[in-house]
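A.B. asks: One file: data-v4.pdb (PDB, C-alpha atoms).
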```
ATOM      1  CA  MET A   1      66.416 139.311 267.394
ATOM      2  CA  THR A   2      63.687 138.222 265.008
ATOM      3  CA  PHE A   3      64.860 137.069 261.593
ATOM      4  CA  GLY A   4      63.116 137.418 258.266
ATOM      5  CA  ARG A   5      60.881 140.379 257.407
ATOM      6  CA  ARG A   6      61.420 143.219 259.870
ATOM      7  CA  GLY A   7      58.642 145.393 261.235
ATOM      8  CA  VAL A   8      60.321 148.690 260.445
ATOM      9  CA  ALA A   9      57.887 150.337 258.005
ATOM     10  CA  GLU A  10      56.529 152.754 260.616
ATOM     11  CA  ALA A  11      59.906 154.429 261.127
ATOM     12  CA  ASP A  12      60.419 155.269 257.462
ATOM     13  CA  GLU A  13      56.791 156.279 256.884
ATOM     14  CA  ARG A  14      57.086 158.859 259.683
ATOM     15  CA  ALA A  15      60.248 160.213 258.038
ATOM     16  CA  GLY A  16      58.448 160.415 254.681
ATOM     17  CA  LEU A  17      60.612 157.721 253.100
ATOM     18  CA  PRO A  18      59.268 155.336 250.476
ATOM     19  CA  TRP A  19      61.471 152.358 251.420
ATOM     20  CA  GLN A  20      62.599 150.046 254.171
ATOM     21  CA  LEU A  21      65.318 147.458 254.693
ATOM     22  CA  GLU A  22      64.302 143.813 254.852
ATOM     23  CA  GLY A  23      66.524 141.266 256.571
ATOM     24  CA  PRO A  24      68.403 139.458 257.877
ATOM     25  CA  ALA A  25      67.236 136.095 256.604
ATOM     26  CA  SER A  26      68.876 134.193 259.460
ATOM     27  CA  GLU A  27      71.312 134.615 262.322
ATOM     28  CA  ASP A  28      74.134 133.486 260.028
ATOM     29  CA  TRP A  29      73.205 135.489 256.951
ATOM     30  CA  ASP A  30      73.887 139.233 257.297
ATOM     31  CA  TRP A  31      72.088 140.394 254.156
ATOM     32  CA  TRP A  32      69.636 143.279 253.756
ATOM     33  CA  VAL A  33      67.439 144.187 250.778
ATOM     34  CA  LEU A  34      65.899 147.569 249.957
ATOM     35  CA  VAL A  35      62.134 147.197 249.416
ATOM     36  CA  ASP A  36      59.153 149.519 249.194
ATOM     37  CA  ASN A  37      56.776 149.855 252.138
ATOM     38  CA  LYS A  38      54.744 146.905 250.840
ATOM     39  CA  GLY A  39      57.799 144.623 250.772
ATOM     40  CA  ARG A  40      58.312 144.696 246.987
ATOM     41  CA  HIS A  41      61.789 144.926 245.469
ATOM     42  CA  LEU A  42      62.655 148.211 243.812
ATOM     43  CA  ALA A  43      63.389 148.892 240.171
ATOM     44  CA  ASP A  44      64.653 146.060 237.978
ATOM     45  CA  ALA A  45      67.055 144.324 240.380
ATOM     46  CA  SER A  46      67.507 143.589 244.073
ATOM     47  CA  VAL A  47      69.370 146.428 245.766
ATOM     48  CA  GLU A  48      71.083 144.465 248.521
ATOM     49  CA  GLY A  49      74.134 144.241 250.719
ATOM     50  CA  SER A  50      75.602 143.400 254.100
ATOM     51  CA  SER A  51      74.961 145.540 257.158
ATOM     52  CA  GLU A  52      78.533 146.856 256.826
ATOM     53  CA  GLU A  53      77.874 147.955 253.222
ATOM     54  CA  TRP A  54      74.561 149.585 254.197
ATOM     55  CA  ARG A  55      76.267 151.479 257.041
ATOM     56  CA  ALA A  56      78.891 152.731 254.576
ATOM     57  CA  ILE A  57      76.070 153.852 252.244
ATOM     58  CA  ALA A  58      74.466 155.740 255.160
ATOM     59  CA  LEU A  59      77.739 157.568 255.821
ATOM     60  CA  ALA A  60      78.048 158.407 252.114
ATOM     61  CA  LEU A  61      74.530 159.893 252.188
ATOM     62  CA  ILE A  62      75.464 162.050 255.179
ATOM     63  CA  GLU A  63      78.712 163.153 253.492
ATOM     64  CA  GLY A  64      76.987 163.759 250.140
ATOM     65  CA  THR A  65      79.151 161.304 248.185
ATOM     66  CA  SER A  66      78.514 158.327 245.921
ATOM     67  CA  LEU A  67      79.472 154.781 246.857
ATOM     68  CA  ARG A  68      79.289 151.481 244.982
ATOM     69  CA  PHE A  69      79.527 147.829 245.980
ATOM     70  CA  LYS A  70      78.886 144.703 243.896
ATOM     71  CA  ARG A  71      75.100 144.606 244.513
ATOM     72  CA  LEU A  72      74.502 147.963 246.195
ATOM     73  CA  ALA A  73      75.150 151.478 244.962
ATOM     74  CA  ALA A  74      74.115 154.986 245.913
ATOM     75  CA  ASP A  75      75.007 157.333 243.058
ATOM     76  CA  ARG A  76      74.606 161.053 243.646
ATOM     77  CA  GLU A  77      73.485 163.329 240.823
ATOM     78  CA  ALA A  78      72.759 166.944 241.778
ATOM     79  CA  ASP A  79      70.131 166.805 244.573
ATOM     80  CA  ALA A  80      69.202 163.146 244.062
ATOM     81  CA  TYR A  81      70.542 159.705 244.866
ATOM     82  CA  TYR A  82      69.914 156.665 242.705
ATOM     83  CA  PHE A  83      69.964 153.292 244.468
ATOM     84  CA  SER A  84      70.768 150.318 242.250
ATOM     85  CA  SER A  85      72.583 147.006 241.931
ATOM     86  CA  PRO A  86      75.702 147.562 239.794
ATOM     87  CA  ARG A  87      75.785 143.840 239.084
ATOM     88  CA  ASN A  88      72.172 143.459 237.934
ATOM     89  CA  SER A  89      70.403 146.800 237.344
ATOM     90  CA  MET A  90      69.663 147.834 233.786
ATOM     91  CA  GLY A  91      68.756 151.455 234.608
ATOM     92  CA  GLN A  92      69.479 154.205 237.114
ATOM     93  CA  GLY A  93      67.492 152.605 239.913
ATOM     94  CA  ALA A  94      65.257 154.022 242.610
ATOM     95  CA  ARG A  95      65.490 157.805 243.073
ATOM     96  CA  LEU A  96      65.509 159.748 246.345
ATOM     97  CA  GLU A  97      65.515 163.562 246.122
ATOM     98  CA  GLY A  98      66.293 166.218 248.706
ATOM     99  CA  ARG A  99      69.066 166.574 251.262
ATOM    100  CA  ASP A 100      66.614 166.230 254.181
ATOM    101  CA  ARG A 101      65.401 162.903 252.796
ATOM    102  CA  HIS A 102      68.989 161.707 252.239
ATOM    103  CA  ILE A 103      69.813 162.411 255.890
ATOM    104  CA  ALA A 104      66.536 160.853 257.064
ATOM    105  CA  PHE A 105      67.252 157.697 255.069
ATOM    106  CA  ALA A 106      70.820 157.521 256.435
ATOM    107  CA  LYS A 107      69.487 157.818 259.994
ATOM    108  CA  TYR A 108      66.890 155.148 259.250
ATOM    109  CA  ILE A 109      69.585 152.765 257.933
ATOM    110  CA  LEU A 110      71.764 153.286 260.994
ATOM    111  CA  ALA A 111      68.850 152.951 263.430
ATOM    112  CA  THR A 112      67.698 149.742 261.726
ATOM    113  CA  LEU A 113      71.129 148.106 261.586
ATOM    114  CA  ASP A 114      72.711 149.241 264.855
ATOM    115  CA  PRO A 115      70.784 146.744 267.010
ATOM    116  CA  PHE A 116      71.802 143.956 264.619
ATOM    117  CA  LYS A 117      75.610 144.201 264.509
ATOM    118  CA  GLY A 118      76.652 147.370 266.339
ATOM    119  CA  PRO A 119      78.134 150.553 264.878
ATOM    120  CA  LEU A 120      80.473 150.687 261.914
ATOM    121  CA  THR A 121      84.056 151.189 263.000
TER     122      THR A 121
END
```
When written as structure tokens, how does the structure in this file appear?

C.D. replies:
Amino acid sequence: MTFGRRGVAEADERAGLPWQLEGPASEDWDWWVLVDNKGRHLADASVEGSSEEWRAIALALIEGTSLRFKRLAADREADAYYFSSPRNSMGQGARLEGRDRHIAFAKYILATLDPFKGPLT
């Protein structure tokens, strides 16, 4: 496993997604940050969490529900999800519209994280 910035942009670009997960910083630090395809943080705060939290977010996207953690939230409104940091964001956060894109992003999260820690149980 290589630590630091991950070379995963191709997978989300093929799926038509504007973001990627960056992480983990080290073998001992299971922390992932949502960034755009140029590696820049989204919105006004770091949208970040553990691989377990990101897997739970992926399942929420598949189920069509909202889910919030301390520094990571996916809030559903109609046909859109807003990704933010409840602790630090000042606004709604980054927006992702369309059920197909929600599912594609969930699959991307799971495919990115599964090799790191294994499936969520």

A.B. asks: Can you turn the PyMOL selection byres ((chain A and resi 97-108) around 9) into a concrete residue list for this file, as a list in words?

C.D. replies: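 Taken over the shown coordinates, the PyMOL selection byres ((chain A and resi 97-108) around 9) returns Ala11, Asp12, Ala15, Gly16, Leu17, Trp19, Gln20, Arg55, Ile57, Ala58, Leu59, Ala60, Leu61, Ile62, Gly64, Asp79, Ala80, Tyr81, Tyr82, Arg95, Leu96, Ile109, Leu110, Ala111, Thr112 and Leu113 of chain A.
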
A.B. asks: Residues as selected, C-alpha atoms, written as a compact mmCIF listing (two decimals), in the coordinates of the input, can you do that?

C.D. replies:
```txt
# COMPACT_ATOMS: atom_id res chain seq x y z
CA ALA A 11 59.91 154.43 261.13
CA ASP A 12 60.42 155.27 257.46
CA ALA A 15 60.25 160.21 258.04
CA GLY A 16 58.45 160.42 254.68
CA LEU A 17 60.61 157.72 253.10
CA TRP A 19 61.47 152.36 251.42
CA GLN A 20 62.60 150.05 254.17
CA ARG A 55 76.27 151.48 257.04
CA ILE A 57 76.07 153.85 252.24
CA ALA A 58 74.47 155.74 255.16
CA LEU A 59 77.74 157.57 255.82
CA ALA A 60 78.05 158.41 252.11
CA LEU A 61 74.53 159.89 252.19
CA ILE A 62 75.46 162.05 255.18
CA GLY A 64 76.99 163.76 250.14
CA ASP A 79 70.13 166.80 244.57
CA ALA A 80 69.20 163.15 244.06
CA TYR A 81 70.54 159.71 244.87
CA TYR A 82 69.91 156.66 242.70
CA ARG A 95 65.49 157.80 243.07
CA LEU A 96 65.51 159.75 246.34
CA ILE A 109 69.58 152.76 257.93
CA LEU A 110 71.76 153.29 260.99
CA ALA A 111 68.85 152.95 263.43
CA THR A 112 67.70 149.74 261.73
CA LEU A 113 71.13 148.11 261.59
```

A.B. asks: Using all atoms listed in the file, can you tell me which of A:Asp36, A:Glu53, A:Glu77, A:Asp44 comes closest to Ser89 (chain A)?

C.D. replies: A:Asp44

A.B. asks: Tell me, in Å to one decimal, how far CA of Arg76 (chain A) is from CA of Pro115 (chain A).

C.D. replies: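 Rounded to one decimal, the two atoms are 27.7 Å apart.
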
A.B. asks: Please compute the CA of Trp32 (chain A)-CA of Ser46 (chain A) distance, one decimal, in Å.

C.D. replies: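 Computed distance, CA of Trp32 (chain A) to CA of Ser46 (chain A), equals 9.9 Å.
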
A.B. asks: May I ask for the distance between CA of Ala56 (chain A) and CA of Ser85 (chain A), given in Å to one decimal place?

C.D. replies: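 CA of Ser85 (chain A) lies at a distance of 15.2 Å from CA of Ala56 (chain A).
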
A.B. asks: Rank nothing, just name the residue among A:Lys70, A:Asn88, A:Leu42, A:Glu52 nearest to Asp30 (chain A), using all atoms listed in the file.

C.D. replies: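 Residue with the minimum atom-to-atom distance to Asp30 (chain A): A:Glu52.
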
A.B. asks: Using only C-alpha atoms, find the one residue out of A:Ser51, A:Pro86, A:Glu63, A:Pro18 that sits nearest to Trp31 (chain A).

C.D. replies: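 Of A:Ser51, A:Pro86, A:Glu63, A:Pro18, the one nearest Trp31 (chain A) is A:Ser51, counting only C-alpha atoms.
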
A.B. asks: Ranking A:Glu22, A:Asp75, A:Glu27, A:Asp114 by minimum distance to Arg40 (chain A) and counting all atoms listed in the file, which one comes first?

C.D. replies: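 Checking each candidate against Arg40 (chain A), we get A:Glu22 as the closest.
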
A.B. asks: What lies within 8 Å of Val47 (chain A) using all atoms listed in the file, ignoring chain neighbours under 4 positions off, as a ChimeraX atom specification?

C.D. replies: /A:33-34,41-42,71-73,83-85

A.B. asks: Kindly indicate which residue among A:Ala74, A:Ala45, A:Val35, A:Leu67 lies nearest to Leu21 (chain A), using only C-alpha atoms for the distances.

C.D. replies: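 Closest residue, counting only C-alpha atoms: A:Val35.
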